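Asker: Below is one structure. I have some questions about it.
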Amino acid sequence: MTRDSVPAAARPIDATSADKAPRTERGRRTLNAILDAAAAEFGEKGFHEASISGITRRAGVALGSFYTYFDSKDEVFRALVRHMSNQVRDHVAPGIRAAKDGIAAERAGLAQFIAFVREHKEIYRIIDEAEFVDPESFRAHYATTAERIRQRLEAAVARGELRPGVGEVHAWAVMGMNVFLGLRYGVWAEDVAPDELADTVAEMLARGIGA
C-alpha cells in the first residue's frame, strides 16, 4: 500500500516537528483545528496582521494548546504551507489514480484542483506570502508539486501515452498553467465548471496548440 492509497484522515499529520507530533486522536483533532484556524486567520488578515490569539480564538482552544504544537507564529505559518500543500496532493490523488492514461490524469488533477481552490481560496494568499515570510516553504511547495507532475508525465511516456522527451520542463509548464487557471477560475470567479475547464486543457495537452 502506498502513502497515497491511505485515507488522509488516517495519516499522521506531518505539519509539526517529530517531538511535537500528536500521539492521540484528540491531539490530531486539536492540531487540525489549529491549522484550519490558522488558514482562516492568515487568509483573512495576512501574516503580519494575524495573531496567535486570533488563531486560538478561531480554533476554540486554549493558548497553551497552541504552544503544545508550535513555538511561534512563524512556525505555524510554515507548518500551514506544508499542510495546505499536502491537502492539495491528497485531494487530487484519487482522481489521478483512477485516470485511464496520462492526459486523463492531468485533466483529473486540474478539475480536482479547481474544486479545491473554490473551497479554500485562502491558499493563494498564504502561498504568495510564503515567498517573503518563508522562501524555503514557498519553493518547496512548487518544487514538490512539479516533481509529482514530472513523475506522472514520465511514467506516461514509458507507457507510450505521451511522446518521448516530455519531462521536467513540461511539468513546470503544466503546473504554472494550473496555478493561474486556479487563480482565474477558482479565486477571482467561478464562471466555468471545473470539468469543462479541464476538458479544454486536456484537449490542448493532447493536440498541442499549433494550427
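Labels for the C-alpha cells follow display order: chains A, B, ..., residues from 1 in each chain, ligands from 1.
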Within 12 Å of Tyr124 of chain A, counting only C-alpha atoms, which residues qualify if same-chain residues fewer than 4 places away don't, as an mmCIF file with all heavy atoms, in the first residue's frame?
Answerer:
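Writing done, so here's result.cif:
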```cif
data_model
loop_
_atom_site.group_PDB
_atom_site.id
_atom_site.type_symbol
_atom_site.label_atom_id
_atom_site.label_comp_id
_atom_site.auth_asym_id
_atom_site.auth_seq_id
_atom_site.Cartn_x
_atom_site.Cartn_y
_atom_site.Cartn_z
ATOM 1 N N ALA A 39 -5.325 28.888 8.799
ATOM 2 C CA ALA A 39 -5.632 29.173 7.390
ATOM 3 C C ALA A 39 -6.627 30.326 7.291
ATOM 4 O O ALA A 39 -6.471 31.226 6.450
ATOM 5 C CB ALA A 39 -6.181 27.919 6.710
ATOM 6 N N PHE A 42 -4.699 33.701 8.650
ATOM 7 C CA PHE A 42 -3.718 34.210 7.691
ATOM 8 C C PHE A 42 -4.395 34.593 6.375
ATOM 9 O O PHE A 42 -4.014 35.582 5.742
ATOM 10 C CB PHE A 42 -2.628 33.174 7.423
ATOM 11 C CG PHE A 42 -1.676 32.965 8.570
ATOM 12 C CD1 PHE A 42 -1.477 31.692 9.106
ATOM 13 C CD2 PHE A 42 -0.976 34.024 9.118
ATOM 14 C CE1 PHE A 42 -0.606 31.492 10.164
ATOM 15 C CE2 PHE A 42 -0.086 33.834 10.178
ATOM 16 C CZ PHE A 42 0.096 32.560 10.703
ATOM 17 N N GLY A 43 -5.371 33.803 5.958
ATOM 18 C CA GLY A 43 -6.061 34.092 4.710
ATOM 19 C C GLY A 43 -6.825 35.395 4.757
ATOM 20 O O GLY A 43 -6.900 36.123 3.770
ATOM 21 N N GLU A 44 -7.394 35.712 5.907
ATOM 22 C CA GLU A 44 -8.183 36.937 6.046
ATOM 23 C C GLU A 44 -7.328 38.166 6.338
ATOM 24 O O GLU A 44 -7.547 39.242 5.766
ATOM 25 C CB GLU A 44 -9.198 36.754 7.181
ATOM 26 C CG GLU A 44 -10.069 37.971 7.441
ATOM 27 C CD GLU A 44 -11.025 37.752 8.595
ATOM 28 O OE1 GLU A 44 -11.626 36.656 8.657
ATOM 29 O OE2 GLU A 44 -11.168 38.663 9.441
ATOM 30 N N GLY A 46 -3.649 38.224 6.522
ATOM 31 C CA GLY A 46 -2.257 38.250 6.096
ATOM 32 C C GLY A 46 -1.351 37.920 7.262
ATOM 33 O O GLY A 46 -1.756 37.977 8.432
ATOM 34 N N VAL A 81 1.772 26.048 5.403
ATOM 35 C CA VAL A 81 2.125 25.927 3.983
ATOM 36 C C VAL A 81 2.302 24.456 3.623
ATOM 37 O O VAL A 81 1.778 23.983 2.604
ATOM 38 C CB VAL A 81 3.401 26.735 3.663
ATOM 39 C CG1 VAL A 81 3.859 26.465 2.228
ATOM 40 C CG2 VAL A 81 3.156 28.230 3.859
ATOM 41 N N MET A 84 -1.226 22.740 3.700
ATOM 42 C CA MET A 84 -2.095 23.036 2.557
ATOM 43 C C MET A 84 -1.565 22.371 1.289
ATOM 44 O O MET A 84 -2.342 21.893 0.459
ATOM 45 C CB MET A 84 -2.235 24.545 2.380
ATOM 46 C CG MET A 84 -2.896 25.222 3.566
ATOM 47 S SD MET A 84 -3.609 26.832 3.201
ATOM 48 C CE MET A 84 -5.185 26.330 2.481
ATOM 49 N N SER A 85 -0.267 22.330 1.142
ATOM 50 C CA SER A 85 0.318 21.633 0.002
ATOM 51 C C SER A 85 -0.066 20.159 0.018
ATOM 52 O O SER A 85 -0.442 19.576 -1.005
ATOM 53 C CB SER A 85 1.842 21.796 0.020
ATOM 54 O OG SER A 85 2.432 21.239 -1.132
ATOM 55 N N PHE A 116 -10.921 22.261 -5.340
ATOM 56 C CA PHE A 116 -10.301 22.517 -4.036
ATOM 57 C C PHE A 116 -10.130 24.012 -3.802
ATOM 58 O O PHE A 116 -10.442 24.522 -2.713
ATOM 59 C CB PHE A 116 -8.938 21.823 -3.963
ATOM 60 C CG PHE A 116 -8.212 22.046 -2.661
ATOM 61 C CD1 PHE A 116 -8.434 21.198 -1.584
ATOM 62 C CD2 PHE A 116 -7.315 23.093 -2.518
ATOM 63 C CE1 PHE A 116 -7.774 21.414 -0.373
ATOM 64 C CE2 PHE A 116 -6.661 23.310 -1.317
ATOM 65 C CZ PHE A 116 -6.892 22.464 -0.244
ATOM 66 N N VAL A 117 -9.628 24.712 -4.787
ATOM 67 C CA VAL A 117 -9.380 26.148 -4.643
ATOM 68 C C VAL A 117 -10.676 26.891 -4.336
ATOM 69 O O VAL A 117 -10.696 27.820 -3.517
ATOM 70 C CB VAL A 117 -8.713 26.711 -5.905
ATOM 71 C CG1 VAL A 117 -8.706 28.238 -5.899
ATOM 72 C CG2 VAL A 117 -7.287 26.184 -6.031
ATOM 73 N N ARG A 118 -11.761 26.491 -4.973
ATOM 74 C CA ARG A 118 -13.033 27.171 -4.733
ATOM 75 C C ARG A 118 -13.490 27.038 -3.284
ATOM 76 O O ARG A 118 -14.210 27.895 -2.774
ATOM 77 C CB ARG A 118 -14.097 26.648 -5.699
ATOM 78 C CG ARG A 118 -13.835 27.084 -7.133
ATOM 79 C CD ARG A 118 -14.907 26.612 -8.098
ATOM 80 N NE ARG A 118 -14.623 27.127 -9.441
ATOM 81 C CZ ARG A 118 -15.408 26.924 -10.496
ATOM 82 N NH1 ARG A 118 -16.531 26.237 -10.358
ATOM 83 N NH2 ARG A 118 -15.083 27.425 -11.673
ATOM 84 N N GLU A 119 -13.069 25.978 -2.622
ATOM 85 C CA GLU A 119 -13.407 25.786 -1.217
ATOM 86 C C GLU A 119 -12.344 26.356 -0.278
ATOM 87 O O GLU A 119 -12.603 26.521 0.922
ATOM 88 C CB GLU A 119 -13.580 24.285 -0.927
ATOM 89 C CG GLU A 119 -14.747 23.641 -1.659
ATOM 90 C CD GLU A 119 -16.080 24.222 -1.222
ATOM 91 O OE1 GLU A 119 -16.239 24.481 -0.010
ATOM 92 O OE2 GLU A 119 -16.949 24.424 -2.095
ATOM 93 N N HIS A 120 -11.166 26.652 -0.811
ATOM 94 C CA HIS A 120 -10.050 27.115 0.020
ATOM 95 C C HIS A 120 -9.327 28.264 -0.693
ATOM 96 O O HIS A 120 -8.123 28.174 -0.968
ATOM 97 C CB HIS A 120 -9.069 25.964 0.285
ATOM 98 C CG HIS A 120 -9.692 24.775 0.938
ATOM 99 N ND1 HIS A 120 -9.865 24.673 2.301
ATOM 100 C CD2 HIS A 120 -10.213 23.635 0.399
ATOM 101 C CE1 HIS A 120 -10.439 23.516 2.583
ATOM 102 N NE2 HIS A 120 -10.668 22.870 1.455
ATOM 103 N N ASP A 128 1.377 32.831 -1.596
ATOM 104 C CA ASP A 128 2.053 34.024 -2.094
ATOM 105 C C ASP A 128 2.860 34.700 -0.990
ATOM 106 O O ASP A 128 3.988 35.159 -1.221
ATOM 107 C CB ASP A 128 1.045 35.012 -2.678
ATOM 108 C CG ASP A 128 0.508 34.575 -4.035
ATOM 109 O OD1 ASP A 128 1.061 33.600 -4.602
ATOM 110 O OD2 ASP A 128 -0.452 35.187 -4.526
ATOM 111 N N GLU A 129 2.305 34.785 0.209
ATOM 112 C CA GLU A 129 3.035 35.410 1.315
ATOM 113 C C GLU A 129 4.244 34.584 1.730
ATOM 114 O O GLU A 129 5.234 35.129 2.225
ATOM 115 C CB GLU A 129 2.112 35.631 2.513
ATOM 116 C CG GLU A 129 1.195 36.825 2.361
ATOM 117 C CD GLU A 129 0.729 37.367 3.703
ATOM 118 O OE1 GLU A 129 0.133 36.587 4.466
ATOM 119 O OE2 GLU A 129 0.972 38.552 3.968
ATOM 120 N N ALA A 130 4.167 33.284 1.514
ATOM 121 C CA ALA A 130 5.288 32.421 1.880
ATOM 122 C C ALA A 130 6.557 32.793 1.133
ATOM 123 O O ALA A 130 7.665 32.572 1.633
ATOM 124 C CB ALA A 130 4.930 30.957 1.624
ATOM 125 N N GLU A 131 6.425 33.381 -0.057
ATOM 126 C CA GLU A 131 7.614 33.789 -0.811
ATOM 127 C C GLU A 131 8.470 34.751 0.004
ATOM 128 O O GLU A 131 9.711 34.755 -0.115
ATOM 129 C CB GLU A 131 7.205 34.448 -2.126
ATOM 130 C CG GLU A 131 8.397 34.869 -2.975
ATOM 131 C CD GLU A 131 7.997 35.497 -4.284
ATOM 132 O OE1 GLU A 131 6.789 35.752 -4.507
ATOM 133 O OE2 GLU A 131 8.915 35.733 -5.109
ATOM 134 N N PHE A 138 7.956 28.179 0.398
ATOM 135 C CA PHE A 138 7.396 28.620 -0.883
ATOM 136 C C PHE A 138 7.995 27.807 -2.029
ATOM 137 O O PHE A 138 7.278 27.255 -2.865
ATOM 138 C CB PHE A 138 7.692 30.107 -1.070
ATOM 139 C CG PHE A 138 7.275 30.668 -2.407
ATOM 140 C CD1 PHE A 138 5.952 31.009 -2.650
ATOM 141 C CD2 PHE A 138 8.213 30.892 -3.402
ATOM 142 C CE1 PHE A 138 5.568 31.546 -3.877
ATOM 143 C CE2 PHE A 138 7.841 31.427 -4.632
ATOM 144 C CZ PHE A 138 6.511 31.749 -4.864
ATOM 145 N N HIS A 141 6.960 24.066 -1.896
ATOM 146 C CA HIS A 141 5.585 23.829 -2.348
ATOM 147 C C HIS A 141 5.547 23.607 -3.852
ATOM 148 O O HIS A 141 4.956 22.630 -4.337
ATOM 149 C CB HIS A 141 4.705 25.009 -1.963
ATOM 150 C CG HIS A 141 3.355 24.997 -2.613
ATOM 151 N ND1 HIS A 141 2.363 24.108 -2.248
ATOM 152 C CD2 HIS A 141 2.841 25.746 -3.639
ATOM 153 C CE1 HIS A 141 1.288 24.322 -3.000
ATOM 154 N NE2 HIS A 141 1.550 25.299 -3.845
ATOM 155 N N VAL A 179 -1.806 26.706 -11.876
ATOM 156 C CA VAL A 179 -1.814 27.744 -10.838
ATOM 157 C C VAL A 179 -2.628 28.952 -11.283
ATOM 158 O O VAL A 179 -3.481 29.465 -10.545
ATOM 159 C CB VAL A 179 -0.376 28.166 -10.485
ATOM 160 C CG1 VAL A 179 -0.376 29.464 -9.672
ATOM 161 C CG2 VAL A 179 0.320 27.062 -9.699
ATOM 162 N N PHE A 180 -2.402 29.404 -12.507
ATOM 163 C CA PHE A 180 -3.105 30.607 -12.954
ATOM 164 C C PHE A 180 -4.549 30.322 -13.350
ATOM 165 O O PHE A 180 -5.412 31.180 -13.212
ATOM 166 C CB PHE A 180 -2.324 31.284 -14.085
ATOM 167 C CG PHE A 180 -1.183 32.097 -13.559
ATOM 168 C CD1 PHE A 180 0.098 31.574 -13.504
ATOM 169 C CD2 PHE A 180 -1.398 33.369 -13.063
ATOM 170 C CE1 PHE A 180 1.151 32.311 -12.984
ATOM 171 C CE2 PHE A 180 -0.357 34.120 -12.540
ATOM 172 C CZ PHE A 180 0.931 33.585 -12.498
ATOM 173 N N LEU A 181 -4.823 29.112 -13.799
ATOM 174 C CA LEU A 181 -6.223 28.740 -14.021
ATOM 175 C C LEU A 181 -6.972 28.695 -12.697
ATOM 176 O O LEU A 181 -8.136 29.109 -12.617
ATOM 177 C CB LEU A 181 -6.300 27.383 -14.727
ATOM 178 C CG LEU A 181 -5.875 27.379 -16.197
ATOM 179 C CD1 LEU A 181 -5.744 25.941 -16.704
ATOM 180 C CD2 LEU A 181 -6.851 28.157 -17.066
ATOM 181 N N GLY A 182 -6.308 28.220 -11.660
ATOM 182 C CA GLY A 182 -6.924 28.212 -10.339
ATOM 183 C C GLY A 182 -7.202 29.619 -9.841
ATOM 184 O O GLY A 182 -8.242 29.875 -9.214
ATOM 185 N N LEU A 183 -6.287 30.535 -10.106
ATOM 186 C CA LEU A 183 -6.488 31.920 -9.699
ATOM 187 C C LEU A 183 -7.676 32.535 -10.430
ATOM 188 O O LEU A 183 -8.564 33.138 -9.809
ATOM 189 C CB LEU A 183 -5.225 32.722 -9.981
ATOM 190 C CG LEU A 183 -5.234 34.197 -9.575
ATOM 191 C CD1 LEU A 183 -5.394 34.343 -8.066
ATOM 192 C CD2 LEU A 183 -3.951 34.885 -10.048
ATOM 193 N N ARG A 184 -7.712 32.361 -11.752
ATOM 194 C CA ARG A 184 -8.775 32.975 -12.555
ATOM 195 C C ARG A 184 -10.137 32.326 -12.313
ATOM 196 O O ARG A 184 -11.148 33.024 -12.129
ATOM 197 C CB ARG A 184 -8.396 32.867 -14.045
ATOM 198 C CG ARG A 184 -9.526 33.088 -15.045
ATOM 199 C CD ARG A 184 -10.173 34.477 -14.949
ATOM 200 N NE ARG A 184 -11.230 34.612 -15.954
ATOM 201 C CZ ARG A 184 -12.480 34.197 -15.789
ATOM 202 N NH1 ARG A 184 -12.848 33.603 -14.659
ATOM 203 N NH2 ARG A 184 -13.376 34.366 -16.756
ATOM 204 N N GLY A 186 -10.899 29.844 -9.958
ATOM 205 C CA GLY A 186 -11.176 29.361 -8.618
ATOM 206 C C GLY A 186 -11.310 30.470 -7.602
ATOM 207 O O GLY A 186 -12.158 30.406 -6.721
ATOM 208 N N VAL A 187 -10.463 31.513 -7.733
ATOM 209 C CA VAL A 187 -10.451 32.606 -6.769
ATOM 210 C C VAL A 187 -11.210 33.817 -7.290
ATOM 211 O O VAL A 187 -12.115 34.336 -6.629
ATOM 212 C CB VAL A 187 -9.003 32.999 -6.400
ATOM 213 C CG1 VAL A 187 -8.993 34.186 -5.438
ATOM 214 C CG2 VAL A 187 -8.266 31.817 -5.775
ATOM 215 N N TRP A 188 -10.853 34.288 -8.471
ATOM 216 C CA TRP A 188 -11.452 35.519 -8.992
ATOM 217 C C TRP A 188 -12.899 35.332 -9.418
ATOM 218 O O TRP A 188 -13.721 36.232 -9.250
ATOM 219 C CB TRP A 188 -10.645 36.040 -10.165
ATOM 220 C CG TRP A 188 -9.293 36.559 -9.784
ATOM 221 C CD1 TRP A 188 -8.815 36.760 -8.514
ATOM 222 C CD2 TRP A 188 -8.230 36.925 -10.669
ATOM 223 N NE1 TRP A 188 -7.527 37.226 -8.557
ATOM 224 C CE2 TRP A 188 -7.140 37.338 -9.859
ATOM 225 C CE3 TRP A 188 -8.092 36.925 -12.051
ATOM 226 C CZ2 TRP A 188 -5.922 37.772 -10.417
ATOM 227 C CZ3 TRP A 188 -6.883 37.359 -12.604
ATOM 228 C CH2 TRP A 188 -5.825 37.776 -11.796
#
```
Asker: For Ala146 of chain A, work out the shell of residues within 6 Å, counting only C-alpha atoms and skipping chain neighbours fewer than 2 positions away, then give it as an MDAnalysis selection string.
Answerer: chainID A and resid 143:144 148:149 171:172
Asker: Selected residues, N, CA, C and O atoms, written as a PDB file, in the first residue's frame, please.
Answerer:
```pdb
ATOM      1  N   ALA A 143       8.222  23.136  -5.944  1.00  0.00           N
ATOM      2  CA  ALA A 143       9.165  22.107  -6.411  1.00  0.00           C
ATOM      3  C   ALA A 143       8.594  20.708  -6.236  1.00  0.00           C
ATOM      4  O   ALA A 143       8.721  19.859  -7.132  1.00  0.00           O
ATOM      5  N   THR A 144       7.952  20.433  -5.108  1.00  0.00           N
ATOM      6  CA  THR A 144       7.392  19.102  -4.892  1.00  0.00           C
ATOM      7  C   THR A 144       6.179  18.860  -5.793  1.00  0.00           C
ATOM      8  O   THR A 144       5.980  17.737  -6.272  1.00  0.00           O
ATOM      9  N   ARG A 148       5.955  15.844  -8.660  1.00  0.00           N
ATOM     10  CA  ARG A 148       4.890  14.846  -8.807  1.00  0.00           C
ATOM     11  C   ARG A 148       4.369  14.814 -10.241  1.00  0.00           C
ATOM     12  O   ARG A 148       4.108  13.734 -10.793  1.00  0.00           O
ATOM     13  N   ILE A 149       4.214  15.986 -10.845  1.00  0.00           N
ATOM     14  CA  ILE A 149       3.751  16.049 -12.238  1.00  0.00           C
ATOM     15  C   ILE A 149       4.788  15.420 -13.157  1.00  0.00           C
ATOM     16  O   ILE A 149       4.446  14.650 -14.065  1.00  0.00           O
ATOM     17  N   ALA A 171       6.521  19.589 -17.027  1.00  0.00           N
ATOM     18  CA  ALA A 171       5.874  19.523 -15.713  1.00  0.00           C
ATOM     19  C   ALA A 171       5.715  20.911 -15.107  1.00  0.00           C
ATOM     20  O   ALA A 171       4.650  21.259 -14.584  1.00  0.00           O
ATOM     21  N   TRP A 172       6.766  21.715 -15.184  1.00  0.00           N
ATOM     22  CA  TRP A 172       6.674  23.081 -14.656  1.00  0.00           C
ATOM     23  C   TRP A 172       5.671  23.904 -15.464  1.00  0.00           C
ATOM     24  O   TRP A 172       4.945  24.744 -14.905  1.00  0.00           O
TER      25      TRP A 172
END
```
Asker: Per DSSP on the backbone, what are the alpha helix (DSSP H) residues of segment 60-106 of chain A, as a PyMOL selection string?
Answerer: chain A and resi 63-69+73-98+102-106
Asker: Within 10 Å of segment 27-35 of chain A, which residues of segment 71-153 of chain A show up? Give each one with its shortest atom-to-atom distance in Å (one decimal) and the two atoms involved, counting only C-alpha atoms, rows by chain then rising residue number, as JSON lines.
Answerer:
```
{"residue": "A:Val76", "atom": "CA", "partner": "A:Leu35", "partner_atom": "CA", "distance": 7.6}
{"residue": "A:Phe77", "atom": "CA", "partner": "A:Leu35", "partner_atom": "CA", "distance": 8.8}
{"residue": "A:Ala79", "atom": "CA", "partner": "A:Leu35", "partner_atom": "CA", "distance": 8.1}
{"residue": "A:Leu80", "atom": "CA", "partner": "A:Leu35", "partner_atom": "CA", "distance": 6.1}
{"residue": "A:Val81", "atom": "CA", "partner": "A:Leu35", "partner_atom": "CA", "distance": 9.8}
{"residue": "A:His83", "atom": "CA", "partner": "A:Leu35", "partner_atom": "CA", "distance": 7.8}
{"residue": "A:Met84", "atom": "CA", "partner": "A:Leu35", "partner_atom": "CA", "distance": 9.1}
```
Asker: Could you give me, as a list of chain:residue names, the residues within 10 Å of segment 200-208 of chain A, counting only C-alpha atoms and dropping anything in the same chain fewer than 5 positions from it?
Answerer: A:Gly102, A:Ile103, A:Ala104, A:Ala105, A:Glu106, A:Arg107, A:Ala108, A:Leu110, A:Ala111, A:Glu161, A:Leu162, A:Val174, A:Met177, A:Asn178, A:Leu181, A:Asp195
Asker: Can those selected residues be exported to a file as a tab-separated table (two decimals), in the first residue's frame so that it contains N, CA, C and O atoms?
Answerer:
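Saved the output as selection02.tsv:
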```tsv
chain	number	residue	atom	x	y	z
A	102	GLY	N	-2.20	9.17	-19.20
A	102	GLY	CA	-1.50	10.36	-18.74
A	102	GLY	C	-2.27	11.66	-18.94
A	102	GLY	O	-2.30	12.51	-18.04
A	103	ILE	N	-2.88	11.84	-20.10
A	103	ILE	CA	-3.65	13.05	-20.36
A	103	ILE	C	-4.86	13.11	-19.42
A	103	ILE	O	-5.18	14.15	-18.84
A	104	ALA	N	-5.53	11.99	-19.25
A	104	ALA	CA	-6.69	11.94	-18.36
A	104	ALA	C	-6.29	12.24	-16.92
A	104	ALA	O	-7.06	12.84	-16.16
A	105	ALA	N	-5.08	11.82	-16.53
A	105	ALA	CA	-4.61	12.10	-15.18
A	105	ALA	C	-4.43	13.59	-14.96
A	105	ALA	O	-4.82	14.13	-13.91
A	106	GLU	N	-3.84	14.28	-15.94
A	106	GLU	CA	-3.67	15.73	-15.79
A	106	GLU	C	-5.01	16.44	-15.83
A	106	GLU	O	-5.22	17.44	-15.12
A	107	ARG	N	-5.94	15.93	-16.62
A	107	ARG	CA	-7.28	16.50	-16.66
A	107	ARG	C	-7.95	16.38	-15.29
A	107	ARG	O	-8.52	17.34	-14.76
A	108	ALA	N	-7.87	15.19	-14.70
A	108	ALA	CA	-8.49	14.95	-13.40
A	108	ALA	C	-7.84	15.80	-12.32
A	108	ALA	O	-8.52	16.37	-11.46
A	110	LEU	N	-6.37	18.70	-12.63
A	110	LEU	CA	-6.78	20.10	-12.76
A	110	LEU	C	-8.20	20.31	-12.27
A	110	LEU	O	-8.49	21.25	-11.53
A	111	ALA	N	-9.12	19.44	-12.67
A	111	ALA	CA	-10.52	19.58	-12.25
A	111	ALA	C	-10.63	19.53	-10.73
A	111	ALA	O	-11.35	20.34	-10.12
A	161	GLU	N	2.05	6.64	-23.79
A	161	GLU	CA	0.88	7.50	-23.87
A	161	GLU	C	1.23	8.94	-24.25
A	161	GLU	O	0.37	9.68	-24.74
A	162	LEU	N	2.48	9.33	-24.04
A	162	LEU	CA	2.96	10.65	-24.41
A	162	LEU	C	4.23	10.50	-25.23
A	162	LEU	O	4.92	9.48	-25.13
A	174	VAL	N	2.96	22.72	-17.03
A	174	VAL	CA	1.62	22.27	-16.64
A	174	VAL	C	1.25	22.86	-15.28
A	174	VAL	O	0.13	23.34	-15.07
A	177	MET	N	0.44	26.58	-15.57
A	177	MET	CA	-0.88	26.74	-16.17
A	177	MET	C	-1.97	26.48	-15.14
A	177	MET	O	-2.92	27.27	-15.00
A	178	ASN	N	-1.83	25.41	-14.37
A	178	ASN	CA	-2.83	25.08	-13.36
A	178	ASN	C	-2.95	26.16	-12.29
A	178	ASN	O	-4.05	26.50	-11.84
A	181	LEU	N	-4.82	29.11	-13.80
A	181	LEU	CA	-6.22	28.74	-14.02
A	181	LEU	C	-6.97	28.69	-12.70
A	181	LEU	O	-8.14	29.11	-12.62
A	195	ASP	N	-15.00	20.72	-14.72
A	195	ASP	CA	-14.87	19.68	-15.74
A	195	ASP	C	-14.76	20.27	-17.14
A	195	ASP	O	-14.00	19.77	-17.98
```
